[in-house]
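S.K.: Let me begin by handing over the structure; questions about it come next.
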Amino acid sequence: MKTKPYLQISFWIPVLLLLLSIGNSYAEDQKIEIKKADRCPVCGMFVYKYPKWVAQIYFKDGSAYFYDGAKDMFKHIFNTAKYTVGKTAEMMTEIYVTDYYEVELIDAKSAFYVIGSDVLGPMGHELLPFKDQEAAQEFMEDHKGKSIIRYQDVTPTIIESLDRRE
Amino acid sequence: MILHPTVIANLLAAYISSFMLVYAAYYGAQILKHWNIESGEELQLILERKTYLISTLLSYVFGLQLLSLFLFIFTADSLTPLFVGAMCAAGTLNVDAFGYPTLVLKIVNFILAGLWLVLNHADNQGYDYPLIKKKYLLLAFVSPFIVLETVLESAYFLGMQADVITSCCGSLFSGEKVTGLGSEIASLPARQMLWIFYVAMLSTLACGVFFYLKDKGGYLYALLSLVMFIISLAAIVSVISLYIYELPTHHCPFCIIMEEYGYIGYLLYILLFGAVVSGLGCGVLIPFREVESLKQVLNGFIGKLTLASVLLYAVFTAFVTYEIATSSLVLSYEVVY
């Protein structure tokens with residue numbers, strides 16, 4: 001009896017994915033697969049619907065949280081105990097954001113964030129993460145961005161101002 | 001305007017029911033004015049024949065009205081991907097100023113339409129149209145509300161702009177910013193609210209069972225069922241939703257209707273609305289128990305309504321308790337809301 005074609009395909013897809021994943025950026029190594037049930041702890045949105053905007057935080061105890069944009073991720077960092085009782089920002093081990101052009105996870109602390117642009121995320125105005133200065137600069141010129149900021153420059157005031165813009 | 005199939009369905013339903021309602025209300029006014037069962041005049045005979053048409057028509061209109069509340073919520077929920085910032089119906093309703101007023105009117109009209117159906121059913125039990133004036137008086141009272149609802153609903157759907165950045169339910173129902181009704185309810189202390197909910201629910205159920213068995217305290221039960229309805233809605237926002245979402249800060253009453261939560265919200269709301277309509281229905285019918293032609297049948301109908309209401313509230317509580325018991329959320333920490 002001949003094997004059904006879709007069975008063959010369903011065998012080859014994971015193999016293909018495995019091959020593709022080799023040699024990918026270091027963030028992939030310990031990336032936890034986003035499940036359908038995973039929600040942003042800040043706003044409650046289902047994260048799987050917005051793969052291009054995902055941000056992630058890993059804690060010492062191995063727990064991981066996903067966000068539908070860098071904005072909510074920063075809200076969690078600034079107010080960790082409110083959204084995850086019993087945890088503090090010091091207990092975070094790794095923080096990732098998704099590069100807007102490359103659509104891959106990059107280290108949040110070394111990323112360049114464009115604010116004030118005309119590109120909106122699922123939660124409205126966003127910080128758009130890029131892995132290098134050139135990409136951020138190009139995006140800012142193309143999309144009327146206001147400024148490029150680094151991780152340590154982001155303050156609760158900036159996050160609040162993003163929320164308030166209509 | 002957004003030409004989404006559900007929007008068209010909503011508007012069509014609203015226009016059809018409003019049109020039929022205005023037609024019915026016109027003849028209702030004639031009946032209120034000229035009805036005289038003793039008379040054998042031509043007008044009276046016409047009215048008697050008309051009333052069958054009208055009450056059949058209205059049964060459908062009000063039945064549609066009951067469904068349209070859920071259709072409206074479903075529509076708001078399914079339009080969510082079209083608006084930036086909206087993650088569920090809460091955001092979509094916030095797109096323009098008419099969303100929430102329409103929803104409030106729809107809830108009020110759901111109850112009024114339900115009560116009219118109860119009254120109509122009771123009237124049809126008697127051979128001499130015993131409640132005919134009361135039922136058309138109620139119709140005259142309900143019609144403006146439903147027409148107003150149609151106007152607001154049209155304004156809401158026709159005025160929708162796709163480029164609006166709306167608010168996500170996380171900010172509309174947040175416990176920290178005490179601005180707006182949603183946030184005020186959300187910031188009610190969760191644990192106390194849970195106590196209030198259970199104590200009030202047990203008293204309501206006890207009163208309902210007492211009324212069903214002993215036939216005393218009917219008005220009290222009708223009142224309690226309305227109060228319980230409001231407490232339950234507040235409890236859903238302030239505490240029950242937390243257990244369903246398993247997030248200590250997410251208070252939205254609309255996300256629970258989504259597929260991801262197994263559509264539990266629709267179930268809870270259907271039980272709740274059914275319970276309040278049948279509970280209030282008892283109160284509406286109690287004064288007519290002495291009417292000659294209804295003496296035999298009305299007590300049985302009131303008993304059925306009471307039983308239905310008590311059972312619906314009990315099942316609602318059972319589902320809520322199940323959600324709380326199986327939730328992994330623990331409220332024992334002193335969370336600052």
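Identifiers in the structure tokens: chain A, B, ... in order shown; residue index from 1 per chain; ligand index from 1 in order shown.
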Only residues of chain A matter here; which ones have an atom within 9 Å of chain B, counting only C-alpha atoms? Give them as a ChimeraX atom specification.
M.R.: /A:36-37,41-46,81-86,120-125,166
S.K.: Go ahead and dump the residues you just picked, N, CA and C atoms, as an mmCIF file, in the first residue's frame.
M.R.:
```
data_model
loop_
_atom_site.group_PDB
_atom_site.id
_atom_site.type_symbol
_atom_site.label_atom_id
_atom_site.label_comp_id
_atom_site.auth_asym_id
_atom_site.auth_seq_id
_atom_site.Cartn_x
_atom_site.Cartn_y
_atom_site.Cartn_z
ATOM 1 N N LYS A 36 -0.741 28.196 22.439
ATOM 2 C CA LYS A 36 -1.960 28.945 22.142
ATOM 3 C C LYS A 36 -2.550 29.596 23.401
ATOM 4 N N ALA A 37 -2.253 28.998 24.540
ATOM 5 C CA ALA A 37 -2.855 29.492 25.776
ATOM 6 C C ALA A 37 -2.044 30.610 26.425
ATOM 7 N N PRO A 41 1.013 38.847 30.464
ATOM 8 C CA PRO A 41 0.595 39.026 31.855
ATOM 9 C C PRO A 41 0.113 40.451 32.137
ATOM 10 N N VAL A 42 0.458 41.393 31.259
ATOM 11 C CA VAL A 42 0.089 42.781 31.515
ATOM 12 C C VAL A 42 -1.324 43.081 31.004
ATOM 13 N N CYS A 43 -1.624 42.685 29.754
ATOM 14 C CA CYS A 43 -2.926 43.063 29.197
ATOM 15 C C CYS A 43 -3.851 41.873 28.983
ATOM 16 N N GLY A 44 -3.338 40.639 29.098
ATOM 17 C CA GLY A 44 -4.207 39.472 28.961
ATOM 18 C C GLY A 44 -4.416 39.010 27.534
ATOM 19 N N MET A 45 -3.802 39.680 26.547
ATOM 20 C CA MET A 45 -3.973 39.273 25.151
ATOM 21 C C MET A 45 -3.301 37.935 24.877
ATOM 22 N N PHE A 46 -3.845 37.190 23.921
ATOM 23 C CA PHE A 46 -3.197 35.949 23.504
ATOM 24 C C PHE A 46 -2.039 36.293 22.589
ATOM 25 N N ALA A 81 6.171 43.178 40.465
ATOM 26 C CA ALA A 81 5.388 42.542 41.527
ATOM 27 C C ALA A 81 3.892 42.634 41.268
ATOM 28 N N LYS A 82 3.481 43.684 40.547
ATOM 29 C CA LYS A 82 2.049 43.849 40.312
ATOM 30 C C LYS A 82 1.503 42.746 39.398
ATOM 31 N N TYR A 83 2.256 42.434 38.348
ATOM 32 C CA TYR A 83 1.744 41.485 37.368
ATOM 33 C C TYR A 83 2.120 40.041 37.684
ATOM 34 N N THR A 84 3.259 39.869 38.357
ATOM 35 C CA THR A 84 3.652 38.517 38.777
ATOM 36 C C THR A 84 4.024 38.611 40.247
ATOM 37 N N VAL A 85 3.078 38.258 41.089
ATOM 38 C CA VAL A 85 3.261 38.409 42.526
ATOM 39 C C VAL A 85 4.435 37.559 42.997
ATOM 40 N N GLY A 86 5.290 38.170 43.819
ATOM 41 C CA GLY A 86 6.403 37.422 44.404
ATOM 42 C C GLY A 86 7.667 37.437 43.559
ATOM 43 N N LEU A 120 1.858 50.942 14.079
ATOM 44 C CA LEU A 120 1.184 50.612 15.334
ATOM 45 C C LEU A 120 1.249 49.122 15.617
ATOM 46 N N GLY A 121 1.423 48.809 16.868
ATOM 47 C CA GLY A 121 1.402 47.396 17.281
ATOM 48 C C GLY A 121 -0.001 47.008 17.698
ATOM 49 N N PRO A 122 -0.171 45.786 18.163
ATOM 50 C CA PRO A 122 -1.505 45.352 18.609
ATOM 51 C C PRO A 122 -2.057 46.218 19.737
ATOM 52 N N MET A 123 -1.166 46.853 20.495
ATOM 53 C CA MET A 123 -1.606 47.692 21.605
ATOM 54 C C MET A 123 -1.438 49.173 21.296
ATOM 55 N N GLY A 124 -1.451 49.534 20.015
ATOM 56 C CA GLY A 124 -1.333 50.943 19.659
ATOM 57 C C GLY A 124 0.118 51.372 19.502
ATOM 58 N N HIS A 125 0.444 52.588 19.963
ATOM 59 C CA HIS A 125 1.809 53.090 19.795
ATOM 60 C C HIS A 125 2.798 52.206 20.526
ATOM 61 N N GLU A 166 -3.094 59.561 21.071
ATOM 62 C CA GLU A 166 -4.292 59.033 20.381
ATOM 63 C C GLU A 166 -4.037 58.960 18.881
#
```
S.K.: Which residues come within 12 Å of range 37-53 of chain B, counting only C-alpha atoms, excluding same-chain residues fewer than 2 positions away, as a count of residues only?
M.R.: 31
S.K.: Between CA of Phe72 in chain B and CA of Tyr15 in chain B, measure the distance and give it in Å to one decimal.
M.R.: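 Those two atoms sit 13.9 Å apart.
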S.K.: Tyr65 in chain A: which residues within 8 Å, counting only C-alpha atoms, same-chain residues fewer than 2 positions away excluded, as number ranges by chain?
M.R.: A: 40-41, 56-58, 63, 67
S.K.: Take the selection from the previous step and output its residues with C-alpha atoms, as a tab-separated table (two decimals), in the first residue's frame.
M.R.:
```
chain	number	residue	atom	x	y	z
A	40	CYS	CA	0.54	38.65	28.05
A	41	PRO	CA	0.60	39.03	31.85
A	56	GLN	CA	9.85	37.48	26.19
A	57	ILE	CA	11.22	37.52	29.70
A	58	TYR	CA	12.80	34.55	31.43
A	63	SER	CA	9.39	30.59	34.22
A	67	TYR	CA	4.15	39.94	25.61
```
S.K.: Report as a list in words all protein, DNA and RNA residues lying within 9 Å of Tyr48 in chain A, evaluated on only C-alpha atoms, omitting residues in the same chain fewer than 5 positions from it.
M.R.: Ile34, Lys35, Lys36, Ala37, Asp38, Arg39, Val54 and Asp68 of chain A
S.K.: Which of range 39-80 of chain A counts as helix (DSSP H, G or I) under DSSP, as a PyMOL selection string please?
M.R.: chain A and resi 47-49+51-53+70-78+80
S.K.: Would you pick out the contacts of Gly303 in chain B at 12 Å or less, using only C-alpha atoms, so that residues sharing its chain but fewer than 3 positions from it are not included, and give the list as a PyMOL selection string?
M.R.: chain B and resi 208-216+218+278-279+281-283+285-286+289+297-300+306-310
S.K.: Would you mind telling me which residue in B:Val95, B:Leu311, B:Ile236, B:Met160 lies nearest to Phe254 in chain B when using only C-alpha atoms?
M.R.: B:Ile236
S.K.: Hey, what does DSSP flag as strand (DSSP E or B) within range 58-134 of chain A? Can you give it to me as a ChimeraX atom specification?
M.R.: /A:58-59,64-67,92-98,105-107,112-115,120-121,124-125,128-130
S.K.: Please write the residues from the selection above to a file, keeping C-alpha atoms, as an mmCIF file, in the first residue's frame.
M.R.:
```cif
data_model
loop_
_atom_site.group_PDB
_atom_site.id
_atom_site.type_symbol
_atom_site.label_atom_id
_atom_site.label_comp_id
_atom_site.auth_asym_id
_atom_site.auth_seq_id
_atom_site.Cartn_x
_atom_site.Cartn_y
_atom_site.Cartn_z
ATOM 1 C CA TYR A 58 12.804 34.547 31.435
ATOM 2 C CA PHE A 59 13.104 34.327 35.184
ATOM 3 C CA ALA A 64 8.849 32.511 31.003
ATOM 4 C CA TYR A 65 6.447 35.318 30.119
ATOM 5 C CA PHE A 66 5.386 36.522 26.679
ATOM 6 C CA TYR A 67 4.150 39.944 25.615
ATOM 7 C CA MET A 92 14.901 38.251 35.308
ATOM 8 C CA THR A 93 17.644 36.361 33.507
ATOM 9 C CA GLU A 94 17.010 37.025 29.828
ATOM 10 C CA ILE A 95 14.863 39.529 28.004
ATOM 11 C CA TYR A 96 14.098 39.316 24.293
ATOM 12 C CA VAL A 97 12.238 41.456 21.801
ATOM 13 C CA THR A 98 11.391 40.793 18.150
ATOM 14 C CA LEU A 105 14.315 37.420 18.685
ATOM 15 C CA ILE A 106 17.089 39.766 19.768
ATOM 16 C CA ASP A 107 18.486 40.697 23.160
ATOM 17 C CA PHE A 112 17.602 50.062 19.453
ATOM 18 C CA TYR A 113 14.028 51.259 19.947
ATOM 19 C CA VAL A 114 12.242 53.704 17.666
ATOM 20 C CA ILE A 115 9.396 55.657 19.244
ATOM 21 C CA LEU A 120 1.184 50.612 15.334
ATOM 22 C CA GLY A 121 1.402 47.396 17.281
ATOM 23 C CA GLY A 124 -1.333 50.943 19.659
ATOM 24 C CA HIS A 125 1.809 53.090 19.795
ATOM 25 C CA LEU A 128 9.880 49.226 17.674
ATOM 26 C CA PRO A 129 12.965 47.124 18.337
ATOM 27 C CA PHE A 130 15.914 46.809 15.914
#
```
S.K.: Compare B:Ser238, B:Ser154, B:Ser203, B:Thr317 by their minimum atom-to-atom distance to Thr102 in chain B, counting only C-alpha atoms, and give me the closest one.
M.R.: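 So, comparing all the options, the nearest one is B:Ser154.
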S.K.: Name the residues in contact with Lys109 in chain A at a cut-off of 8 Å, using only C-alpha atoms, excluding same-chain residues fewer than 5 positions from it; report them as a ChimeraX atom specification.
M.R.: /A:95,150-152
S.K.: Generate a file of the selected residues that holds N, CA and C atoms, formatted as a PDB file, in the first residue's frame.
M.R.:
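Written output follows (out-v3.pdb):
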```
ATOM      1  N   ILE A  95      15.980  38.757  28.534  1.00  0.00           N
ATOM      2  CA  ILE A  95      14.863  39.529  28.004  1.00  0.00           C
ATOM      3  C   ILE A  95      15.038  39.639  26.482  1.00  0.00           C
ATOM      4  N   ARG A 150      17.753  53.673  23.681  1.00  0.00           N
ATOM      5  CA  ARG A 150      18.288  52.379  24.102  1.00  0.00           C
ATOM      6  C   ARG A 150      17.500  51.866  25.295  1.00  0.00           C
ATOM      7  N   TYR A 151      17.763  50.624  25.621  1.00  0.00           N
ATOM      8  CA  TYR A 151      17.032  49.956  26.709  1.00  0.00           C
ATOM      9  C   TYR A 151      17.044  50.766  28.005  1.00  0.00           C
ATOM     10  N   GLN A 152      18.249  51.265  28.376  1.00  0.00           N
ATOM     11  CA  GLN A 152      18.368  51.936  29.675  1.00  0.00           C
ATOM     12  C   GLN A 152      17.707  53.320  29.679  1.00  0.00           C
TER      13      GLN A 152
END
```
